[in-house]
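Data block for protein-v6.pdb (PDB, C-alpha atoms):
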ATOM      1  CA  MET A  29     -28.146  63.204  -6.714  1.00  0.00           C
ATOM      2  CA  ASN A  30     -27.307  60.250  -8.986  1.00  0.00           C
ATOM      3  CA  LYS A  31     -28.335  56.686  -8.149  1.00  0.00           C
ATOM      4  CA  ILE A  32     -24.862  55.548  -7.147  1.00  0.00           C
ATOM      5  CA  LEU A  33     -24.365  58.450  -4.760  1.00  0.00           C
ATOM      6  CA  GLU A  34     -27.784  57.674  -3.292  1.00  0.00           C
ATOM      7  CA  LYS A  35     -26.660  54.085  -2.673  1.00  0.00           C
ATOM      8  CA  LEU A  36     -23.507  55.325  -0.948  1.00  0.00           C
ATOM      9  CA  ASN A  37     -25.450  57.668   1.301  1.00  0.00           C
ATOM     10  CA  LYS A  38     -27.769  54.836   2.337  1.00  0.00           C
ATOM     11  CA  LEU A  39     -24.703  52.921   3.532  1.00  0.00           C
ATOM     12  CA  LYS A  40     -23.074  55.763   5.454  1.00  0.00           C
ATOM     13  CA  ASP A  41     -21.829  55.334   8.986  1.00  0.00           C
ATOM     14  CA  LYS A  42     -20.982  58.582  10.794  1.00  0.00           C
ATOM     15  CA  LYS A  43     -18.713  56.922  13.352  1.00  0.00           C
ATOM     16  CA  TYR A  44     -16.791  55.172  10.599  1.00  0.00           C
ATOM     17  CA  ALA A  45     -16.484  58.488   8.718  1.00  0.00           C
ATOM     18  CA  SER A  46     -14.747  59.994  11.765  1.00  0.00           C
ATOM     19  CA  PHE A  47     -12.461  56.974  12.013  1.00  0.00           C
ATOM     20  CA  GLN A  48     -11.654  57.144   8.293  1.00  0.00           C
ATOM     21  CA  ALA A  49     -10.816  60.848   8.541  1.00  0.00           C
ATOM     22  CA  LYS A  50      -8.023  59.973  10.982  1.00  0.00           C
ATOM     23  CA  LEU A  51      -6.623  57.331   8.618  1.00  0.00           C
ATOM     24  CA  VAL A  52      -6.629  59.673   5.628  1.00  0.00           C
ATOM     25  CA  PRO A  53      -5.888  63.074   7.202  1.00  0.00           C
ATOM     26  CA  THR A  54      -4.677  64.690   3.970  1.00  0.00           C
ATOM     27  CA  ILE A  55      -8.173  64.938   2.491  1.00  0.00           C
ATOM     28  CA  ASP A  56     -11.101  67.115   3.563  1.00  0.00           C
ATOM     29  CA  SER A  57     -13.092  65.176   6.170  1.00  0.00           C
ATOM     30  CA  LYS A  58     -16.279  66.718   4.744  1.00  0.00           C
ATOM     31  CA  THR A  59     -15.802  64.582   1.617  1.00  0.00           C
ATOM     32  CA  ILE A  60     -15.963  61.331   3.611  1.00  0.00           C
ATOM     33  CA  ILE A  61     -19.423  59.754   3.610  1.00  0.00           C
ATOM     34  CA  GLY A  62     -18.345  56.861   5.824  1.00  0.00           C
ATOM     35  CA  VAL A  63     -19.085  53.638   3.930  1.00  0.00           C
ATOM     36  CA  ARG A  64     -17.246  50.633   5.314  1.00  0.00           C
ATOM     37  CA  THR A  65     -14.841  48.870   2.947  1.00  0.00           C
ATOM     38  CA  PRO A  66     -16.661  45.481   2.815  1.00  0.00           C
ATOM     39  CA  LYS A  67     -19.877  47.283   1.843  1.00  0.00           C
ATOM     40  CA  LEU A  68     -18.040  49.235  -0.854  1.00  0.00           C
ATOM     41  CA  ARG A  69     -16.600  46.002  -2.250  1.00  0.00           C
ATOM     42  CA  ASN A  70     -20.016  44.363  -2.267  1.00  0.00           C
ATOM     43  CA  LEU A  71     -21.598  47.376  -3.941  1.00  0.00           C
ATOM     44  CA  ALA A  72     -18.916  47.337  -6.638  1.00  0.00           C
ATOM     45  CA  LYS A  73     -19.564  43.651  -7.357  1.00  0.00           C
ATOM     46  CA  GLU A  74     -23.295  44.305  -7.454  1.00  0.00           C
ATOM     47  CA  LEU A  75     -22.942  47.263  -9.830  1.00  0.00           C
ATOM     48  CA  ILE A  76     -20.490  45.571 -12.184  1.00  0.00           C
ATOM     49  CA  LYS A  77     -23.026  42.779 -12.861  1.00  0.00           C
ATOM     50  CA  GLN A  78     -25.827  45.122 -13.850  1.00  0.00           C
ATOM     51  CA  ASP A  79     -27.056  45.652 -17.397  1.00  0.00           C
ATOM     52  CA  GLY A  80     -29.427  47.926 -19.245  1.00  0.00           C
ATOM     53  CA  ASN A  81     -29.946  51.413 -17.811  1.00  0.00           C
ATOM     54  CA  ASP A  82     -28.202  50.445 -14.584  1.00  0.00           C
ATOM     55  CA  LYS A  83     -25.068  49.516 -16.536  1.00  0.00           C
ATOM     56  CA  LYS A  84     -25.195  52.910 -18.266  1.00  0.00           C
ATOM     57  CA  GLU A  85     -25.335  54.520 -14.835  1.00  0.00           C
ATOM     58  CA  VAL A  86     -22.105  52.732 -13.889  1.00  0.00           C
ATOM     59  CA  GLU A  87     -20.449  53.809 -17.151  1.00  0.00           C
ATOM     60  CA  LYS A  88     -21.502  57.389 -16.512  1.00  0.00           C
ATOM     61  CA  PHE A  89     -20.074  57.178 -12.985  1.00  0.00           C
ATOM     62  CA  LEU A  90     -16.717  55.884 -14.237  1.00  0.00           C
ATOM     63  CA  GLN A  91     -16.488  58.629 -16.840  1.00  0.00           C
ATOM     64  CA  LYS A  92     -17.445  61.473 -14.515  1.00  0.00           C
ATOM     65  CA  LEU A  93     -14.157  62.580 -12.997  1.00  0.00           C
ATOM     66  CA  PRO A  94     -13.164  64.014 -10.632  1.00  0.00           C
ATOM     67  CA  HIS A  95     -15.577  62.778  -7.994  1.00  0.00           C
ATOM     68  CA  LYS A  96     -16.621  64.946  -5.074  1.00  0.00           C
ATOM     69  CA  TYR A  97     -16.501  62.324  -2.331  1.00  0.00           C
ATOM     70  CA  PHE A  98     -13.741  60.074  -1.022  1.00  0.00           C
ATOM     71  CA  ASP A  99     -16.167  57.136  -0.959  1.00  0.00           C
ATOM     72  CA  GLU A 100     -16.897  57.661  -4.658  1.00  0.00           C
ATOM     73  CA  ASN A 101     -13.182  57.337  -5.352  1.00  0.00           C
ATOM     74  CA  GLN A 102     -13.009  54.191  -3.244  1.00  0.00           C
ATOM     75  CA  LEU A 103     -15.954  52.692  -5.114  1.00  0.00           C
ATOM     76  CA  HIS A 104     -14.385  53.717  -8.414  1.00  0.00           C
ATOM     77  CA  ALA A 105     -11.205  51.817  -7.468  1.00  0.00           C
ATOM     78  CA  PHE A 106     -13.207  48.708  -6.569  1.00  0.00           C
ATOM     79  CA  LEU A 107     -15.234  48.882  -9.797  1.00  0.00           C
ATOM     80  CA  ILE A 108     -12.078  49.023 -11.905  1.00  0.00           C
ATOM     81  CA  SER A 109     -10.603  46.147  -9.912  1.00  0.00           C
ATOM     82  CA  GLU A 110     -13.527  43.948 -11.005  1.00  0.00           C
ATOM     83  CA  ILE A 111     -13.085  44.568 -14.767  1.00  0.00           C
ATOM     84  CA  LYS A 112     -12.056  41.311 -16.471  1.00  0.00           C
ATOM     85  CA  ASP A 113     -10.922  42.624 -19.848  1.00  0.00           C
ATOM     86  CA  PHE A 114      -7.318  43.797 -19.484  1.00  0.00           C
ATOM     87  CA  ASP A 115      -7.384  46.456 -22.213  1.00  0.00           C
ATOM     88  CA  ILE A 116     -10.590  48.016 -20.891  1.00  0.00           C
ATOM     89  CA  CYS A 117      -9.219  47.847 -17.362  1.00  0.00           C
ATOM     90  CA  ILE A 118      -5.977  49.623 -18.298  1.00  0.00           C
ATOM     91  CA  LYS A 119      -7.957  52.319 -20.076  1.00  0.00           C
ATOM     92  CA  ARG A 120     -10.009  52.887 -16.926  1.00  0.00           C
ATOM     93  CA  VAL A 121      -6.907  52.861 -14.726  1.00  0.00           C
ATOM     94  CA  ASP A 122      -5.164  55.460 -16.873  1.00  0.00           C
ATOM     95  CA  GLU A 123      -8.260  57.657 -16.765  1.00  0.00           C
ATOM     96  CA  PHE A 124      -8.519  57.399 -12.988  1.00  0.00           C
ATOM     97  CA  LEU A 125      -4.897  57.611 -11.802  1.00  0.00           C
ATOM     98  CA  PRO A 126      -4.492  61.398 -12.306  1.00  0.00           C
ATOM     99  CA  TYR A 127      -7.427  61.998  -9.951  1.00  0.00           C
ATOM    100  CA  ILE A 128      -6.289  59.794  -7.067  1.00  0.00           C
ATOM    101  CA  ASP A 129      -5.406  62.120  -4.207  1.00  0.00           C
ATOM    102  CA  ASN A 130      -4.766  59.849  -1.230  1.00  0.00           C
ATOM    103  CA  TRP A 131      -2.938  56.672  -0.239  1.00  0.00           C
ATOM    104  CA  ALA A 132      -6.077  54.685   0.625  1.00  0.00           C
ATOM    105  CA  THR A 133      -7.697  54.939  -2.809  1.00  0.00           C
ATOM    106  CA  CYS A 134      -4.341  54.300  -4.458  1.00  0.00           C
ATOM    107  CA  ASP A 135      -3.781  51.102  -2.498  1.00  0.00           C
ATOM    108  CA  GLN A 136      -7.349  49.832  -2.951  1.00  0.00           C
ATOM    109  CA  LEU A 137      -6.936  49.902  -6.727  1.00  0.00           C
ATOM    110  CA  SER A 138      -5.841  46.341  -7.470  1.00  0.00           C
ATOM    111  CA  PRO A 139      -7.335  44.900 -10.693  1.00  0.00           C
ATOM    112  CA  LYS A 140      -7.729  41.132 -10.645  1.00  0.00           C
ATOM    113  CA  CYS A 141      -7.044  40.815 -14.381  1.00  0.00           C
ATOM    114  CA  PHE A 142      -3.449  42.019 -13.871  1.00  0.00           C
ATOM    115  CA  ARG A 143      -2.447  38.576 -12.595  1.00  0.00           C
ATOM    116  CA  LYS A 144      -2.905  36.989 -16.020  1.00  0.00           C
ATOM    117  CA  ASN A 145      -1.388  39.817 -18.050  1.00  0.00           C
ATOM    118  CA  LYS A 146       2.025  40.344 -16.451  1.00  0.00           C
ATOM    119  CA  ASN A 147       3.946  41.216 -19.631  1.00  0.00           C
ATOM    120  CA  GLU A 148       1.521  43.945 -20.658  1.00  0.00           C
ATOM    121  CA  LEU A 149       1.206  45.152 -17.073  1.00  0.00           C
ATOM    122  CA  LEU A 150       4.969  45.601 -16.814  1.00  0.00           C
ATOM    123  CA  LYS A 151       4.950  47.907 -19.841  1.00  0.00           C
ATOM    124  CA  CYS A 152       2.381  50.090 -18.098  1.00  0.00           C
ATOM    125  CA  ILE A 153       4.289  50.069 -14.810  1.00  0.00           C
ATOM    126  CA  LYS A 154       7.381  51.396 -16.587  1.00  0.00           C
ATOM    127  CA  VAL A 155       5.306  54.357 -17.786  1.00  0.00           C
ATOM    128  CA  TRP A 156       3.502  54.973 -14.480  1.00  0.00           C
ATOM    129  CA  ILE A 157       6.681  54.937 -12.406  1.00  0.00           C
ATOM    130  CA  LYS A 158       8.036  57.889 -14.415  1.00  0.00           C
ATOM    131  CA  SER A 159       4.928  59.984 -13.827  1.00  0.00           C
ATOM    132  CA  LYS A 160       5.001  63.389 -12.161  1.00  0.00           C
ATOM    133  CA  LYS A 161       1.898  62.395 -10.175  1.00  0.00           C
ATOM    134  CA  SER A 162       2.770  61.062  -6.727  1.00  0.00           C
ATOM    135  CA  TYR A 163      -0.035  58.505  -6.459  1.00  0.00           C
ATOM    136  CA  THR A 164       0.581  57.221  -9.977  1.00  0.00           C
ATOM    137  CA  ILE A 165       4.165  56.509  -8.914  1.00  0.00           C
ATOM    138  CA  ARG A 166       2.945  54.918  -5.681  1.00  0.00           C
ATOM    139  CA  PHE A 167       0.542  52.734  -7.670  1.00  0.00           C
ATOM    140  CA  ALA A 168       3.342  51.607 -10.016  1.00  0.00           C
ATOM    141  CA  ILE A 169       5.548  50.591  -7.098  1.00  0.00           C
ATOM    142  CA  GLY A 170       2.609  48.824  -5.461  1.00  0.00           C
ATOM    143  CA  MET A 171       1.997  46.795  -8.607  1.00  0.00           C
ATOM    144  CA  LEU A 172       5.677  45.817  -8.775  1.00  0.00           C
ATOM    145  CA  MET A 173       5.468  44.724  -5.152  1.00  0.00           C
ATOM    146  CA  GLN A 174       2.246  42.782  -5.660  1.00  0.00           C
ATOM    147  CA  HIS A 175       3.034  41.047  -8.936  1.00  0.00           C
ATOM    148  CA  PHE A 176       6.808  40.970  -9.435  1.00  0.00           C
ATOM    149  CA  LEU A 177       8.488  39.853  -6.222  1.00  0.00           C
ATOM    150  CA  ASP A 178       7.878  36.124  -6.584  1.00  0.00           C
ATOM    151  CA  ASP A 179       8.201  33.942  -9.695  1.00  0.00           C
ATOM    152  CA  ASP A 180       8.304  36.968 -11.994  1.00  0.00           C
ATOM    153  CA  PHE A 181      11.007  38.758 -10.014  1.00  0.00           C
ATOM    154  CA  ASP A 182      13.977  40.374 -11.706  1.00  0.00           C
ATOM    155  CA  LYS A 183      16.769  42.344  -9.995  1.00  0.00           C
ATOM    156  CA  LYS A 184      16.238  45.216 -12.407  1.00  0.00           C
ATOM    157  CA  TYR A 185      12.903  45.972 -10.703  1.00  0.00           C
ATOM    158  CA  LEU A 186      14.789  46.828  -7.505  1.00  0.00           C
ATOM    159  CA  GLU A 187      16.790  49.332  -9.531  1.00  0.00           C
ATOM    160  CA  MET A 188      13.590  50.805 -10.981  1.00  0.00           C
ATOM    161  CA  VAL A 189      12.252  51.562  -7.515  1.00  0.00           C
ATOM    162  CA  SER A 190      15.568  52.779  -6.107  1.00  0.00           C
ATOM    163  CA  ASN A 191      15.749  55.290  -8.976  1.00  0.00           C
ATOM    164  CA  VAL A 192      12.427  56.900  -8.051  1.00  0.00           C
ATOM    165  CA  LYS A 193      13.099  60.486  -7.034  1.00  0.00           C
ATOM    166  CA  TYR A 194       9.784  62.277  -6.658  1.00  0.00           C
ATOM    167  CA  LYS A 195       9.914  66.055  -6.377  1.00  0.00           C
ATOM    168  CA  SER A 196       6.694  67.719  -5.301  1.00  0.00           C
ATOM    169  CA  SER A 197       5.684  70.965  -6.944  1.00  0.00           C
ATOM    170  CA  LYS A 198       4.210  72.446  -3.777  1.00  0.00           C
ATOM    171  CA  THR A 199       4.109  71.789  -0.067  1.00  0.00           C
ATOM    172  CA  ASN A 200       0.843  71.307   1.774  1.00  0.00           C
ATOM    173  CA  HIS A 201       1.932  72.352   5.273  1.00  0.00           C
ATOM    174  CA  GLN A 202      -1.492  71.652   6.772  1.00  0.00           C
ATOM    175  CA  SER A 203      -1.491  68.070   5.468  1.00  0.00           C
ATOM    176  CA  ALA A 204       2.094  67.576   6.591  1.00  0.00           C
ATOM    177  CA  LYS A 205       1.138  68.674  10.099  1.00  0.00           C
ATOM    178  CA  ALA A 206      -1.875  66.334  10.057  1.00  0.00           C
ATOM    179  CA  ILE A 207       0.334  63.270   9.658  1.00  0.00           C
ATOM    180  CA  ASN A 208       3.156  64.647  11.827  1.00  0.00           C
ATOM    181  CA  ILE A 209       5.855  64.858   9.164  1.00  0.00           C
ATOM    182  CA  SER A 210       8.188  67.609   8.029  1.00  0.00           C
ATOM    183  CA  ILE A 211       8.142  66.824   4.306  1.00  0.00           C
ATOM    184  CA  ASP A 212       5.491  67.240   1.640  1.00  0.00           C
ATOM    185  CA  PRO A 213       2.790  64.555   2.102  1.00  0.00           C
ATOM    186  CA  ASP A 214       2.907  63.562  -1.579  1.00  0.00           C
ATOM    187  CA  LYS A 215       6.639  62.904  -1.293  1.00  0.00           C
ATOM    188  CA  TYR A 216       6.089  61.104   2.013  1.00  0.00           C
ATOM    189  CA  TYR A 217       3.580  58.658   0.519  1.00  0.00           C
ATOM    190  CA  VAL A 218       5.878  57.884  -2.432  1.00  0.00           C
ATOM    191  CA  GLU A 219       8.862  57.273  -0.157  1.00  0.00           C
ATOM    192  CA  MET A 220       6.764  55.203   2.239  1.00  0.00           C
ATOM    193  CA  MET A 221       5.745  52.930  -0.635  1.00  0.00           C
ATOM    194  CA  CYS A 222       9.408  52.632  -1.682  1.00  0.00           C
ATOM    195  CA  ALA A 223      10.256  51.529   1.855  1.00  0.00           C
ATOM    196  CA  TRP A 224       7.339  49.092   1.910  1.00  0.00           C
ATOM    197  CA  TYR A 225       8.515  47.658  -1.426  1.00  0.00           C
ATOM    198  CA  PHE A 226      12.108  47.133  -0.252  1.00  0.00           C
ATOM    199  CA  ALA A 227      11.008  45.685   3.093  1.00  0.00           C
ATOM    200  CA  THR A 228       8.825  43.172   1.227  1.00  0.00           C
ATOM    201  CA  ALA A 229      11.692  42.482  -1.177  1.00  0.00           C
ATOM    202  CA  LEU A 230      13.916  41.713   1.834  1.00  0.00           C
ATOM    203  CA  ALA A 231      11.312  39.176   2.939  1.00  0.00           C
ATOM    204  CA  LYS A 232      11.037  37.525  -0.478  1.00  0.00           C
ATOM    205  CA  GLN A 233      14.336  38.176  -2.276  1.00  0.00           C
ATOM    206  CA  TYR A 234      16.762  38.845   0.547  1.00  0.00           C
ATOM    207  CA  ASN A 235      20.086  38.151  -1.165  1.00  0.00           C
ATOM    208  CA  ASP A 236      19.330  40.360  -4.151  1.00  0.00           C
ATOM    209  CA  THR A 237      17.861  43.146  -2.040  1.00  0.00           C
ATOM    210  CA  LEU A 238      20.409  43.345   0.784  1.00  0.00           C
ATOM    211  CA  PRO A 239      23.066  45.152  -1.337  1.00  0.00           C
ATOM    212  CA  TYR A 240      20.697  48.126  -1.590  1.00  0.00           C
ATOM    213  CA  ILE A 241      20.871  48.377   2.197  1.00  0.00           C
ATOM    214  CA  LYS A 242      24.554  47.493   2.658  1.00  0.00           C
ATOM    215  CA  ASN A 243      25.668  49.924  -0.042  1.00  0.00           C
ATOM    216  CA  HIS A 244      23.281  52.729   0.984  1.00  0.00           C
ATOM    217  CA  LYS A 245      21.588  52.964  -2.413  1.00  0.00           C
ATOM    218  CA  LEU A 246      18.450  54.503  -0.912  1.00  0.00           C
ATOM    219  CA  ASP A 247      18.051  57.943   0.658  1.00  0.00           C
ATOM    220  CA  VAL A 248      18.506  57.948   4.430  1.00  0.00           C
ATOM    221  CA  TRP A 249      14.803  58.211   5.309  1.00  0.00           C
ATOM    222  CA  THR A 250      13.748  55.372   2.970  1.00  0.00           C
ATOM    223  CA  HIS A 251      16.757  53.290   4.052  1.00  0.00           C
ATOM    224  CA  ASN A 252      15.862  53.502   7.745  1.00  0.00           C
ATOM    225  CA  LYS A 253      12.130  53.081   7.138  1.00  0.00           C
ATOM    226  CA  THR A 254      12.848  49.943   5.064  1.00  0.00           C
ATOM    227  CA  ILE A 255      14.839  48.441   7.919  1.00  0.00           C
ATOM    228  CA  GLN A 256      12.141  49.392  10.428  1.00  0.00           C
ATOM    229  CA  LYS A 257       9.398  47.755   8.368  1.00  0.00           C
ATOM    230  CA  ALA A 258      11.555  44.652   7.773  1.00  0.00           C
ATOM    231  CA  LEU A 259      12.193  44.336  11.512  1.00  0.00           C
ATOM    232  CA  GLU A 260       8.440  44.544  12.124  1.00  0.00           C
ATOM    233  CA  SER A 261       7.676  41.897   9.487  1.00  0.00           C
ATOM    234  CA  PHE A 262       6.963  38.303  10.483  1.00  0.00           C
ATOM    235  CA  ARG A 263       8.169  37.245   7.013  1.00  0.00           C
ATOM    236  CA  VAL A 264      11.781  38.304   7.648  1.00  0.00           C
ATOM    237  CA  SER A 265      13.795  35.708   9.582  1.00  0.00           C
ATOM    238  CA  ALA A 266      15.343  36.458  12.974  1.00  0.00           C
ATOM    239  CA  LYS A 267      18.796  35.937  11.478  1.00  0.00           C
ATOM    240  CA  HIS A 268      18.162  38.473   8.734  1.00  0.00           C
ATOM    241  CA  LYS A 269      16.709  40.940  11.220  1.00  0.00           C
ATOM    242  CA  GLU A 270      19.877  40.822  13.305  1.00  0.00           C
ATOM    243  CA  GLU A 271      21.937  41.528  10.209  1.00  0.00           C
ATOM    244  CA  LEU A 272      19.706  44.414   9.124  1.00  0.00           C
ATOM    245  CA  LYS A 273      19.997  46.119  12.517  1.00  0.00           C
ATOM    246  CA  LYS A 274      23.694  46.730  11.788  1.00  0.00           C
ATOM    247  CA  TYR A 275      22.893  48.880   8.782  1.00  0.00           C
ATOM    248  CA  LYS A 276      20.585  51.436  10.343  1.00  0.00           C
ATOM    249  CA  LEU A 277      21.855  54.963   9.726  1.00  0.00           C
ATOM    250  CA  LEU A 278      21.889  57.680  12.386  1.00  0.00           C
TER     251      LEU A 278
END
Could you take the file, read its structure, and then write that structure out as structure tokens?
Amino acid sequence: MNKILEKLNKLKDKKYASFQAKLVPTIDSKTIIGVRTPKLRNLAKELIKQDGNDKKEVEKFLQKLPHKYFDENQLHAFLISEIKDFDICIKRVDEFLPYIDNWATCDQLSPKCFRKNKNELLKCIKVWIKSKKSYTIRFAIGMLMQHFLDDDFDKKYLEMVSNVKYKSSKTNHQSAKAINISIDPDKYYVEMMCAWYFATALAKQYNDTLPYIKNHKLDVWTHNKTIQKALESFRVSAKHKEELKKYKLL
């Protein structure tokens, strides 16, 4: 067992592992060690500051893909998120994205250096969003939502997300049953992120986003889920919520 895996096992919490398995039902529960998120974040910060042989251990960990355990993937996401050099960070992100196999790891990957490199980040997003990998697409949409719905917003980003049409290559019926859906889980998690993006866009850029709802530019499931999430959001005004209710499709 390598040093990093040893550290993870020392932090394991069996009760939390059971709880985590319910949150991420599409992965094998046997791969969940059960390390709480704050402890994973702290471990990542601790590891990223190391040098000498310990630094080599971190490099080896980042290069050894795929990982066996869910917690290793979570730690990997947090380690990348701490990288300050944008070019190195993007290299690590591109190496890791094909191996992300669940929504939690995908959404935990949020590099801090992206904030100061928006132009270069956007070029990468345009590549990621056209991927055939579901969680690479989800990550691209998440980055658009996180970094390009405020001062750097452009209406063309709404079009980018509305044009996402993910087609899964196979259906995991067991995983679909685990999260009580009738569609492929990979497709579900892409469409859920699309809905989350448009609901957030309604909160931040209502006038530009509303036409996508009024004119039914989204598929029915994403359309209705967007409205649902907007109605649940404290950031959408009561007036806007009343208007959105009129557009729900049966």
Subject >> atom CA of Leu33 of chain A to atom CA of Asp79 of chain A, distance in Å rounded to a single decimal >> reply: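 Computing the Euclidean distance for atom CA of Leu33 of chain A and atom CA of Asp79 of chain A yields 18.2 Å.
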Subject >> Residues selected by the PyMOL selection byres ((chain A and resi 138) around 12), written as a PyMOL selection string >> reply: chain A and resi 69+102+104-111+117-118+121+132-137+139-143+149+167-168+170-175
**OP:** Starting from the shown file, work through the PyMOL selection byres ((chain A and resi 237) around 12) and note down what comes out as a ChimeraX atom specification.
**Re:** /A:177,181-187,189-190,223,225-236,238-246,251,254-255,258,268,272
Subject >> A:Val52, A:Leu75, A:Cys222, A:Ile116 ranked by distance to Lys35 of chain A, top pick (using only C-alpha atoms) >> reply: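 Of the candidates, the smallest distance to Lys35 of chain A is held by A:Leu75.
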**OP:** Using all atoms listed in the file, find the one residue out of A:Glu100, A:Glu270, A:Asp214, A:Asp247 that sits nearest to Glu34 of chain A.
**Re:** A:Glu100
**OP:** Run the PyMOL selection byres ((chain A and resi 192-194) around 9) against the file shown and list the residues it catches, as a PyMOL selection string.
**Re:** chain A and resi 157-162+165+187-191+195-196+214-215+218-219+222
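Minimum distance to Leu125 of chain A across A:Arg166, A:Lys73, A:Arg263, A:Lys83 (counting only C-alpha atoms) occurs at A:Arg166.
What separates atom CA of Arg120 of chain A from atom CA of Gly80 of chain A is a distance of 20.2 Å.
Between atom CA of Lys144 of chain A and atom CA of Pro66 of chain A the interatomic distance comes to 24.8 Å.
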Any chance you could turn segment 29-51 of chain A into a file with C-alpha atoms, as a PDB file, in the first residue's frame?
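Just written: out.pdb:
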ATOM      1  CA  MET A  29       0.000   0.000   0.000  1.00  0.00           C
ATOM      2  CA  ASN A  30       1.411   3.420  -0.953  1.00  0.00           C
ATOM      3  CA  LYS A  31       1.823   6.226   1.578  1.00  0.00           C
ATOM      4  CA  ILE A  32      -1.119   8.260   0.325  1.00  0.00           C
ATOM      5  CA  LEU A  33      -3.498   5.314   0.480  1.00  0.00           C
ATOM      6  CA  GLU A  34      -2.234   4.630   3.999  1.00  0.00           C
ATOM      7  CA  LYS A  35      -3.090   8.218   4.963  1.00  0.00           C
ATOM      8  CA  LEU A  36      -6.586   7.814   3.522  1.00  0.00           C
ATOM      9  CA  ASN A  37      -7.185   4.596   5.421  1.00  0.00           C
ATOM     10  CA  LYS A  38      -6.133   6.259   8.677  1.00  0.00           C
ATOM     11  CA  LEU A  39      -8.871   8.843   8.105  1.00  0.00           C
ATOM     12  CA  LYS A  40     -11.654   6.413   7.225  1.00  0.00           C
ATOM     13  CA  ASP A  41     -15.055   6.597   8.842  1.00  0.00           C
ATOM     14  CA  LYS A  42     -17.274   3.551   8.261  1.00  0.00           C
ATOM     15  CA  LYS A  43     -20.515   5.389   9.011  1.00  0.00           C
ATOM     16  CA  TYR A  44     -19.586   8.140   6.583  1.00  0.00           C
ATOM     17  CA  ALA A  45     -18.721   5.509   3.945  1.00  0.00           C
ATOM     18  CA  SER A  46     -22.279   4.151   4.211  1.00  0.00           C
ATOM     19  CA  PHE A  47     -23.690   7.666   3.950  1.00  0.00           C
ATOM     20  CA  GLN A  48     -21.489   8.440   0.936  1.00  0.00           C
ATOM     21  CA  ALA A  49     -22.592   5.248  -0.817  1.00  0.00           C
ATOM     22  CA  LYS A  50     -26.172   6.555  -0.778  1.00  0.00           C
ATOM     23  CA  LEU A  51     -25.096   9.889  -2.280  1.00  0.00           C
TER      24      LEU A  51
END
